[in-house]
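Structure record follows, encoded as structure tokens.
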Amino acid sequence: MAPAMARITLPASARRGEVVEVRVLVRHPMERAVDAAGLTPRPRRIVHTIRARYGGEEVFRMALSAGIAANPYVAFTTVAVETGDLVVEWVEDGGAVHRQAARLTVQ
Amino acid sequence: MTVGGGGAASPRALAVLVAGTRRVAFAAFAAFAAFAAFAAFAALVTPAMCITLAMRSRLAASAALAALAALAMALPTGGAFAASGAVGTPAPVPGPGAVRPSADYLSPELRAQQDDPSRHPGWLWVDAGEAEWTRAPAAGAPSCAQCHGNLDSMRGVVTRLPAVGPEGTLLNLEGRINRCRVARQGQPPLAYESEPLLALSAAIAQRSRGLPMAVPVDGAAAPLLAEGRALYETRQGQLNLACTQCHDEHAGRRLRGDRISGGLGTGYPAYRLEWNGMGSLHRRLRACSLGVRATILEPGAAQYLALELYLAHRARGLPVEAPGLRR
């Protein structure tokens, strides 16, 4: 069982108003459903949503489909407004929500 | 391991066989060249014999080709045959210069991703390994960090592995971790390709990233190196291929949509896109065994360990790339 974890990469610091790139790697098997003769059936278990909150509001949301490879990588940008946590949440089939935060320092 | 019939022949017998084959081939080529030359001559002097102009030029070309081939067969061959015919001193193991780092064979995109921890999924295992390093495996058992301190103390360790252990057998990184786990932590050894072993080996190997390989091959390691080299150079499997035929003679060329690498283990444990995850060098070697339809050995088998030692020696002076990123 892979541990629920992600790598969130942010610039070391940013100026107020600067556009910053956020890179997220999520550890997840992205298990497609198995349902065929001769194989053990397995329910689909993928991360279907990745969302990020920063500065009190949602800045990113993405719906993922079953065709995406394991350990998905996404990159997006946001505007640096204040020093604080950028919280990434990923939701998998079955409803489990995982959360990880990274600090963005704004000068 | 399934070994081809050629493996049993002594170098001297092989040289005689090769020389004999060459003589027969030369005779055949000479006869063919003579016939082709005659045919070309006949074609030139008797245009009335229903031989078209196109056919005439084709015959003339084949005569020239056959003459060239006969000349090539008559010349003494250097390289591989000469080396296998020599008795006594084996040819030196190819090293820096002849062998290029594995990263050279990656596509520019993959190489850039391998160098960028923010986009390299292998770093998920490095992170997990760093957590594993400080975690006590059981109540009362010490964590790795309690004996070794910071993970940075592992810098340079994998440049010297695999090494001969106290029992006289080779220990690679996975073997070293498990030896500690049994002897110091009092735990059962971690299974090959298990999550904690991959994570720990990725984190430890990462600390040597960029350092030149320098595995000791003298003393007790010398016979094991020779064994590894024999495995590398012996044809095996239903396809009857030796490692060297792909990874030396055809390195850099394309095979099944990928580029054939120089056959080094410096990037392992590596994240392979085909696996959707991290895997050890022995998992990769199993894939090669399957590829040539040879017996697929268990991870950690003595033959794979000897081969790993030879690959490490081939890579001497080249940088550690672990955790690598492979197709």
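Each chain of the structure tokens is named A, B, ... in the order shown, its residues numbered from 1; ligands are numbered from 1 in display order.
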
Q.
Using only C-alpha atoms and a cut-off of 10 Å, which residues of chain B sit close to chain A? Please list them as a count of residues only.
A. 18

Near Val320 (chain B), within 7 Å and counting only C-alpha atoms, which residues show up once chain neighbours fewer than 2 positions away are dropped, as a compact mmCIF listing (two decimals) with N, CA and C atoms, in the first residue's frame?
```txt
# COMPACT_ATOMS: atom_id res chain seq x y z
N SER B 208 24.22 9.69 -3.10
CA SER B 208 25.46 9.57 -3.89
C SER B 208 25.29 10.11 -5.30
N ARG B 209 24.17 10.72 -5.57
CA ARG B 209 23.88 11.21 -6.92
C ARG B 209 25.00 12.13 -7.41
N GLY B 210 25.51 11.84 -8.60
CA GLY B 210 26.54 12.68 -9.19
C GLY B 210 27.95 12.26 -8.85
N LEU B 211 28.12 11.40 -7.84
CA LEU B 211 29.47 10.97 -7.47
C LEU B 211 29.93 9.86 -8.41
N PRO B 212 31.24 9.79 -8.71
CA PRO B 212 31.72 8.76 -9.65
C PRO B 212 31.73 7.37 -9.02
N MET B 213 31.31 6.38 -9.80
CA MET B 213 31.35 4.99 -9.34
C MET B 213 32.81 4.55 -9.17
N THR B 266 23.72 2.42 -12.96
CA THR B 266 23.90 3.61 -12.12
C THR B 266 22.61 4.34 -11.80
N GLY B 267 21.54 4.11 -12.58
CA GLY B 267 20.29 4.83 -12.34
C GLY B 267 19.34 4.11 -11.41
N LEU B 318 31.91 7.02 -13.81
CA LEU B 318 30.69 7.67 -14.30
C LEU B 318 29.77 7.98 -13.12
N ALA B 322 20.96 7.59 -9.66
CA ALA B 322 19.80 7.17 -8.87
C ALA B 322 19.22 8.34 -8.07
```

(Q) Env of Pro108 (chain B): 12 Å cut, atoms = only C-alpha atoms, seq-sep filter 6 positions within chain, self excluded. Answer as a list in words. (A) Gln114, Asp115 and Leu325 of chain B

How would the residues just picked look written out with N, CA and C atoms as a PDB file, in the first residue's frame?
```pdb
ATOM      1  N   GLN B 114      14.515  13.884 -15.275  1.00  0.00           N
ATOM      2  CA  GLN B 114      15.336  13.147 -14.306  1.00  0.00           C
ATOM      3  C   GLN B 114      16.128  14.104 -13.421  1.00  0.00           C
ATOM      4  N   ASP B 115      16.506  15.251 -13.980  1.00  0.00           N
ATOM      5  CA  ASP B 115      17.314  16.214 -13.225  1.00  0.00           C
ATOM      6  C   ASP B 115      16.479  17.167 -12.382  1.00  0.00           C
ATOM      7  N   LEU B 325      15.246   7.921 -14.058  1.00  0.00           N
ATOM      8  CA  LEU B 325      13.925   7.943 -14.684  1.00  0.00           C
ATOM      9  C   LEU B 325      14.089   7.244 -16.024  1.00  0.00           C
TER      10      LEU B 325
END
```

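Here CA of Asn240 (chain B) and CA of Gln303 (chain B) stand 17.6 Å from one another.
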
(Q) Give me the residues near Cys180 (chain B) as a ChimeraX atom specification, where near means some atom within 12 Å (using only C-alpha atoms) and where sequence neighbours in that chain fewer than 3 positions away do not count. (A) /B:137,141-145,147-148,171,173-177,183-190

Q: Per DSSP on the backbone, filter chain A down to the residues in strand (DSSP E) and report them as a ChimeraX atom specification.
A: /A:6-9,19-26,47-54,57-63,73-79,84-92,97-104

Q | Computed interatomic separation between CA of Leu198 (chain B) and CA of Ala270 (chain B) (Å) | A | 9.4 Å

**Q.** Near-region 13-19 of chain A list (9 Å; only C-alpha atoms; drop same-chain fewer than 6 positions) as number ranges by chain
**A.** A: 77-82, 104-107

Residues from last step as file, N, CA and C atoms, as a compact mmCIF listing (two decimals), in the first residue's frame:
```txt
# COMPACT_ATOMS: atom_id res chain seq x y z
N THR A 77 -0.57 27.80 -11.97
CA THR A 77 -0.04 29.06 -11.44
C THR A 77 -1.09 29.74 -10.58
N THR A 78 -0.62 30.58 -9.68
CA THR A 78 -1.51 31.39 -8.88
C THR A 78 -0.78 32.71 -8.57
N VAL A 79 -1.49 33.66 -8.04
CA VAL A 79 -0.88 34.96 -7.73
C VAL A 79 -0.55 35.00 -6.24
N ALA A 80 0.70 35.34 -5.94
CA ALA A 80 1.11 35.43 -4.54
C ALA A 80 0.46 36.65 -3.90
N VAL A 81 -0.34 36.43 -2.86
CA VAL A 81 -1.01 37.55 -2.21
C VAL A 81 -0.53 37.75 -0.77
N GLU A 82 -0.26 36.64 -0.07
CA GLU A 82 0.17 36.78 1.32
C GLU A 82 0.94 35.53 1.73
N LEU A 104 4.08 29.24 1.36
CA LEU A 104 4.53 30.23 0.39
C LEU A 104 4.86 31.52 1.13
N THR A 105 6.11 31.94 0.99
CA THR A 105 6.56 33.15 1.68
C THR A 105 6.50 34.32 0.72
N VAL A 106 5.73 35.36 1.10
CA VAL A 106 5.58 36.54 0.24
C VAL A 106 6.25 37.72 0.93
N GLN A 107 7.12 38.39 0.19
CA GLN A 107 7.84 39.53 0.76
C GLN A 107 7.10 40.83 0.50
```

Q) Looking only at the backbone, which of the residues in region 190-221 of chain B does DSSP tag as alpha helix (DSSP H), as a ChimeraX atom specification? A) /B:195-206,221

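With only C-alpha atoms as the atoms that count, the residue of A:Ala96, A:Ala101, A:Glu21, A:Gly84 with the shortest distance to Gly55 (chain A) is A:Gly84.
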
Q. If we count only C-alpha atoms, what is near Ala294 (chain B) at a cut-off of 12 Å, once residues fewer than 3 positions away on the same chain are taken out, given as a list in words?
A. Met1, Thr2, Val3, Gly4, Leu231, Thr234, Arg235, Gln236, Gly237, Gln238, Leu239, Asn240, Leu241, Ala242, Cys243, Leu285, Arg286, Ala287, Cys288, Ser289, Leu290, Gly291 and Leu297 of chain B

Q: Skip Ala205 (chain B) itself and residues of its chain fewer than 5 positions away, then list as an MDAnalysis selection string all residues within 8 Å of it, counting only C-alpha atoms.
A: chainID B and resid 157:158 269 322:323
